[in-house]
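As structure tokens, the structure follows; a few thoughts come after it.
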Amino acid sequence: MPGVPIVKLHDVLLVTIQDELLDYSVDELQQQITEQVVEQQARGVLIDISVLDVVDSFLARTLHDIAAATSLLAAKTVVVGMRPAVAITLVELGLVLAGLQTALSVEEALDILHEGGRPRRTARR
Amino acid sequence: MTTTPEPETRSIVSDFLDRRRESIVAEWSGAPFFRTAGMDPEQAALDGAEVLAGLRRAVDKGEANNPAAEGFASIRSLLEALAVQQVHDSTLVAQTAAQMSGLKEPLLRLWAEEDVPRELVAPGAVLLSGAVDTLGLILLDAALTATRDTIASQREQLAELSTPVIKLWDGVLAIPLIGTLDSMRSQTATESLLQAILDQQAKVAILDITGVPTVDTMVAQHLLKTALAARLMGAECVISGIRPQIANTMVQLGIDLEEVATRAKLSDAFAYALNRLGLSVTSTGPGAV
């Protein structure tokens with residue numbers, strides 16, 4: 001079974017999950033990402049889950065753990081493209097993943113990673 | 001009612017229906033049934049004749065008590081049209097079906113005047129009466145179906161109308177909720193809001209409940225869940241227009257909205273949303289401060 005591709009783009013790791021993952025591949029993914037963060041000296045991790053129809057509690061938990069682990073390694077993690085049905089299901093399961101950064105699009109996620117969580121247009125009110 | 005009438009009775013009754021069709025229709029088409037349907041007399045006579053033809057076919061085949069019979073099937077669309085008409089005129093459905101029995105009076109009177117063997121008079125009358133009752137049932141059925149269809153389409157429209165998602169600005173959506181929220185409605189609201197967030201890539205969604213008089217635990221939970229789901233998708237939810245009573249209720253129910261931004265009015269929520277996008281509103285008119 002092929003792993004999940006992890007692409008480096010400047011100081012950001014792009015992780016695109018293309019298929020539903022079995023639990024052990026989820027574990028593997030977490031290890032790979034944390035290792036790559038250190039190896040590539042990445043400052044951000046972008047995980048795109050927009051193709052997933054189903055996100056089970058284990059993957060949700062792991063996404064949260066990846067974010068926590070990468071933040072210990074001084075890299076910020078943003079999850080991109082969660083579908084409405086997935087979001088509702090996770091909330092119904094009580095998995096609100098507090099502390100996990102999310103974004104609607106890859107573009108926005110890159111903004112968040114580069115601007116410390118704030119949109120680029122920073123005109124004050 | 002369940003016994004099939006003798007073939008002899010059936011053929012005599014069918015023959016009677018054929019021969020006397022015109023006089024039966026002439027008497028019947030003046031009945032209240034056709035008057036309430038708002039028909040002109042000519043059309044009533046034509047429809048009446050068609051109904052009787054169908055009735056005759058059913059009697060002939062010995063299926064006078066079977067609403068699904070072939071004879072009745074041929075006049076079903078006519079009866080359905082009548083039923084729809086009456087439903088729209090909001091006549092009582094039961095009344096409509098009862099008026100179908102208006103056919104019995106001329107029918108049975110003319111039957112009694114027939115020159116038939118004595119022992120066939122009673123079975124013939126039973127047969128005719130049963131057939132007319134079946135007509136009533138079909139009419140009732142058609143009316144109920146028409147009502148059900150109306151209700152279903154109205155319910156659909158209501159669900160669509162009740163949860164309008166509005167785009168206030170690039171990246172800012174609002175869903176103004178008005179009226180009583182039940183769990184089905186809040187479910188629809190959640191789904192359409194989240195879908196709109198995805199479609200329009202909206203960063204902030206405003207849930208405005210100014211027009212909602214009361215909120216129960218389930219609905220409050222639902223609002224909270226909507227906000228959390230929006231956050232998981234990468235958008236932010238602001239709830240505005242919480243009434244004082246609702247705020248009290250929510251506190252008493254122990255519902256914690258700490259995770260969700262709230263604003264007093266829709267305008268405040270909009271200002272908050274613009275701020276989140278890094279935009280601001282400036283007055284340029286002569287009255288500008």
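A note on labels: chains of the structure tokens are A, B, ... as shown, every chain counts residues from 1, and ligands are counted from 1 in their shown order.
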Need the shell around Leu257 (chain B): protein/DNA/RNA residues with any atom at most 10 Å away, counting only C-alpha atoms. Skip same-chain ones fewer than 2 positions apart. Format as a count of residues only?
14
Provide as a PyMOL selection string the residues of chain A at most 12 Å from chain B, counting only C-alpha atoms.
chain A and resi 48-50+60+63-64+78-109+112+117-125
Keeping N, CA and C atoms, export the residues of the selection given above as a compact mmCIF listing (two decimals), in the first residue's frame.
# COMPACT_ATOMS: atom_id res chain seq x y z
N ASP A 48 -4.26 18.10 3.71
CA ASP A 48 -5.46 18.27 2.90
C ASP A 48 -6.31 17.00 2.98
N ILE A 49 -7.52 17.14 3.51
CA ILE A 49 -8.39 15.96 3.63
C ILE A 49 -9.65 16.15 2.79
N SER A 50 -9.57 17.01 1.76
CA SER A 50 -10.80 17.36 1.04
C SER A 50 -11.40 16.20 0.25
N ALA A 60 -9.21 11.45 13.27
CA ALA A 60 -9.45 12.78 13.84
C ALA A 60 -8.52 13.03 15.02
N LEU A 63 -4.98 13.51 13.81
CA LEU A 63 -4.74 14.84 13.24
C LEU A 63 -4.45 15.83 14.36
N HIS A 64 -5.24 15.68 15.42
CA HIS A 64 -5.06 16.53 16.59
C HIS A 64 -3.68 16.31 17.22
N VAL A 78 -2.07 22.90 9.85
CA VAL A 78 -3.41 23.34 9.44
C VAL A 78 -4.06 22.20 8.65
N VAL A 79 -5.31 21.87 9.01
CA VAL A 79 -6.06 20.85 8.28
C VAL A 79 -6.98 21.56 7.29
N VAL A 80 -6.96 21.13 6.05
CA VAL A 80 -7.67 21.84 4.99
C VAL A 80 -8.79 20.99 4.39
N GLY A 81 -9.92 21.65 4.12
CA GLY A 81 -10.95 21.06 3.25
C GLY A 81 -11.82 20.00 3.87
N MET A 82 -12.13 20.10 5.16
CA MET A 82 -13.04 19.12 5.73
C MET A 82 -14.45 19.34 5.17
N ARG A 83 -15.08 18.26 4.76
CA ARG A 83 -16.42 18.38 4.18
C ARG A 83 -17.46 18.59 5.27
N PRO A 84 -18.60 19.24 4.90
CA PRO A 84 -19.64 19.49 5.89
C PRO A 84 -20.09 18.23 6.63
N ALA A 85 -20.32 17.16 5.87
CA ALA A 85 -20.83 15.93 6.50
C ALA A 85 -19.82 15.39 7.51
N VAL A 86 -18.54 15.46 7.15
CA VAL A 86 -17.50 14.99 8.05
C VAL A 86 -17.48 15.85 9.32
N ALA A 87 -17.56 17.18 9.11
CA ALA A 87 -17.52 18.09 10.25
C ALA A 87 -18.69 17.82 11.20
N ILE A 88 -19.89 17.66 10.63
CA ILE A 88 -21.06 17.40 11.48
C ILE A 88 -20.87 16.11 12.26
N THR A 89 -20.39 15.08 11.57
CA THR A 89 -20.22 13.79 12.23
C THR A 89 -19.24 13.89 13.39
N LEU A 90 -18.13 14.55 13.15
CA LEU A 90 -17.13 14.67 14.21
C LEU A 90 -17.71 15.42 15.41
N VAL A 91 -18.49 16.49 15.12
CA VAL A 91 -19.08 17.25 16.22
C VAL A 91 -20.08 16.37 16.98
N GLU A 92 -20.87 15.59 16.23
CA GLU A 92 -21.82 14.70 16.87
C GLU A 92 -21.10 13.68 17.77
N LEU A 93 -19.91 13.28 17.34
CA LEU A 93 -19.13 12.32 18.13
C LEU A 93 -18.43 13.00 19.31
N GLY A 94 -18.55 14.33 19.37
CA GLY A 94 -17.90 15.06 20.46
C GLY A 94 -16.43 15.35 20.19
N LEU A 95 -15.99 15.14 18.94
CA LEU A 95 -14.59 15.39 18.61
C LEU A 95 -14.48 16.77 17.98
N VAL A 96 -14.38 17.81 18.81
CA VAL A 96 -14.34 19.15 18.25
C VAL A 96 -12.91 19.61 17.97
N LEU A 97 -11.94 18.79 18.37
CA LEU A 97 -10.54 19.02 18.04
C LEU A 97 -10.08 20.44 18.36
N ALA A 98 -10.38 20.88 19.58
CA ALA A 98 -9.99 22.23 19.98
C ALA A 98 -8.48 22.37 19.85
N GLY A 99 -8.05 23.51 19.36
CA GLY A 99 -6.61 23.75 19.22
C GLY A 99 -6.09 23.38 17.86
N LEU A 100 -6.88 22.66 17.07
CA LEU A 100 -6.44 22.30 15.72
C LEU A 100 -6.84 23.41 14.75
N GLN A 101 -5.87 23.91 14.02
CA GLN A 101 -6.17 24.96 13.04
C GLN A 101 -6.80 24.34 11.81
N THR A 102 -7.81 25.00 11.28
CA THR A 102 -8.44 24.50 10.07
C THR A 102 -8.55 25.62 9.05
N ALA A 103 -8.66 25.24 7.77
CA ALA A 103 -8.84 26.24 6.72
C ALA A 103 -9.69 25.66 5.62
N LEU A 104 -10.34 26.56 4.87
CA LEU A 104 -11.23 26.12 3.80
C LEU A 104 -10.46 25.72 2.56
N SER A 105 -9.36 26.43 2.29
CA SER A 105 -8.62 26.15 1.06
C SER A 105 -7.13 26.13 1.36
N VAL A 106 -6.39 25.51 0.45
CA VAL A 106 -4.94 25.45 0.61
C VAL A 106 -4.35 26.85 0.68
N GLU A 107 -4.88 27.72 -0.19
CA GLU A 107 -4.41 29.10 -0.23
C GLU A 107 -4.53 29.77 1.15
N GLU A 108 -5.72 29.61 1.72
CA GLU A 108 -5.95 30.23 3.02
C GLU A 108 -5.04 29.61 4.08
N ALA A 109 -4.83 28.30 3.96
CA ALA A 109 -3.98 27.62 4.94
C ALA A 109 -2.56 28.18 4.87
N ILE A 112 -2.45 31.36 6.67
CA ILE A 112 -2.41 31.17 8.12
C ILE A 112 -1.00 30.79 8.57
N GLY A 117 -1.38 32.70 11.78
CA GLY A 117 -2.78 32.43 12.10
C GLY A 117 -3.72 33.55 11.74
N ARG A 118 -3.20 34.63 11.14
CA ARG A 118 -4.10 35.73 10.79
C ARG A 118 -4.13 35.89 9.28
N PRO A 119 -5.23 36.35 8.74
CA PRO A 119 -5.31 36.58 7.31
C PRO A 119 -4.27 37.62 6.89
N ARG A 120 -3.93 37.60 5.61
CA ARG A 120 -2.86 38.47 5.15
C ARG A 120 -3.24 39.95 5.21
N ARG A 121 -4.50 40.20 4.80
CA ARG A 121 -4.93 41.61 4.81
C ARG A 121 -5.14 42.03 6.26
N THR A 122 -4.24 42.79 6.81
CA THR A 122 -4.30 43.03 8.25
C THR A 122 -4.68 44.46 8.59
N ALA A 123 -5.37 45.12 7.66
CA ALA A 123 -5.80 46.49 7.95
C ALA A 123 -6.60 46.51 9.25
N ARG A 124 -6.26 47.39 10.11
CA ARG A 124 -6.92 47.46 11.41
C ARG A 124 -8.27 48.16 11.31
N ARG A 125 -9.14 47.83 12.23
CA ARG A 125 -10.42 48.52 12.24
C ARG A 125 -10.28 49.80 13.03
Find the residue from A:Ile33, A:Ile6, A:Val45, A:Val51 that sits nearest to Gln18 (chain A); use only C-alpha atoms when measuring.
A:Val51
Backbone DSSP call of strand (DSSP E) for region 37-278 of chain B, listed as a PyMOL selection string:
chain B and resi 166-169+172-178+204-211+236-240+261-263
Quick one: write out the picked residues with C-alpha atoms as a compact mmCIF listing (two decimals), in the first residue's frame?
# COMPACT_ATOMS: atom_id res chain seq x y z
CA ILE B 166 -27.41 35.14 2.33
CA LYS B 167 -24.04 36.36 1.17
CA LEU B 168 -23.33 39.65 2.93
CA TRP B 169 -19.85 40.17 1.58
CA VAL B 172 -19.24 36.53 4.82
CA LEU B 173 -22.49 34.54 4.97
CA ALA B 174 -25.56 35.05 7.13
CA ILE B 175 -28.49 32.81 7.87
CA PRO B 176 -31.31 34.76 9.49
CA LEU B 177 -33.53 32.33 11.33
CA ILE B 178 -37.11 33.36 11.92
CA VAL B 204 -17.28 33.88 8.55
CA ALA B 205 -20.86 32.69 8.90
CA ILE B 206 -23.39 34.64 10.96
CA LEU B 207 -26.21 32.73 12.59
CA ASP B 208 -28.81 35.36 13.36
CA ILE B 209 -31.57 34.27 15.73
CA THR B 210 -33.22 37.67 16.27
CA GLY B 211 -36.47 36.28 14.92
CA GLU B 236 -15.84 30.90 11.91
CA CYS B 237 -19.38 31.12 13.19
CA VAL B 238 -20.86 34.11 14.97
CA ILE B 239 -24.23 33.89 16.68
CA SER B 240 -26.14 37.14 16.87
CA ALA B 261 -18.33 34.29 19.21
CA THR B 262 -21.62 36.02 19.97
CA ARG B 263 -22.76 39.54 19.15
Write out as a list in words which residues come within 9 Å of region 70-72 of chain A when counting only C-alpha atoms, dropping same-chain ones fewer than 2 positions away.
Ile33, Thr34, Val37, Arg43, Gly44, Val45, Asp65, Ile66, Ala67, Ala68, Ala74, Ala75, Lys76 and Thr77 of chain A
Name all residues at most 12 Å from Glu39 (chain A) (count only C-alpha atoms; drop same-chain ones fewer than 5 positions away) and give them as a list in words.
Lys8, Asp11, Leu13, Gln32, Ile33, Thr34 and Leu73 of chain A
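Nearest residue to Gly3 (chain A), choosing from A:Glu115, A:Asp56, A:Glu35, A:Asp19 and counting only C-alpha atoms: A:Asp19.
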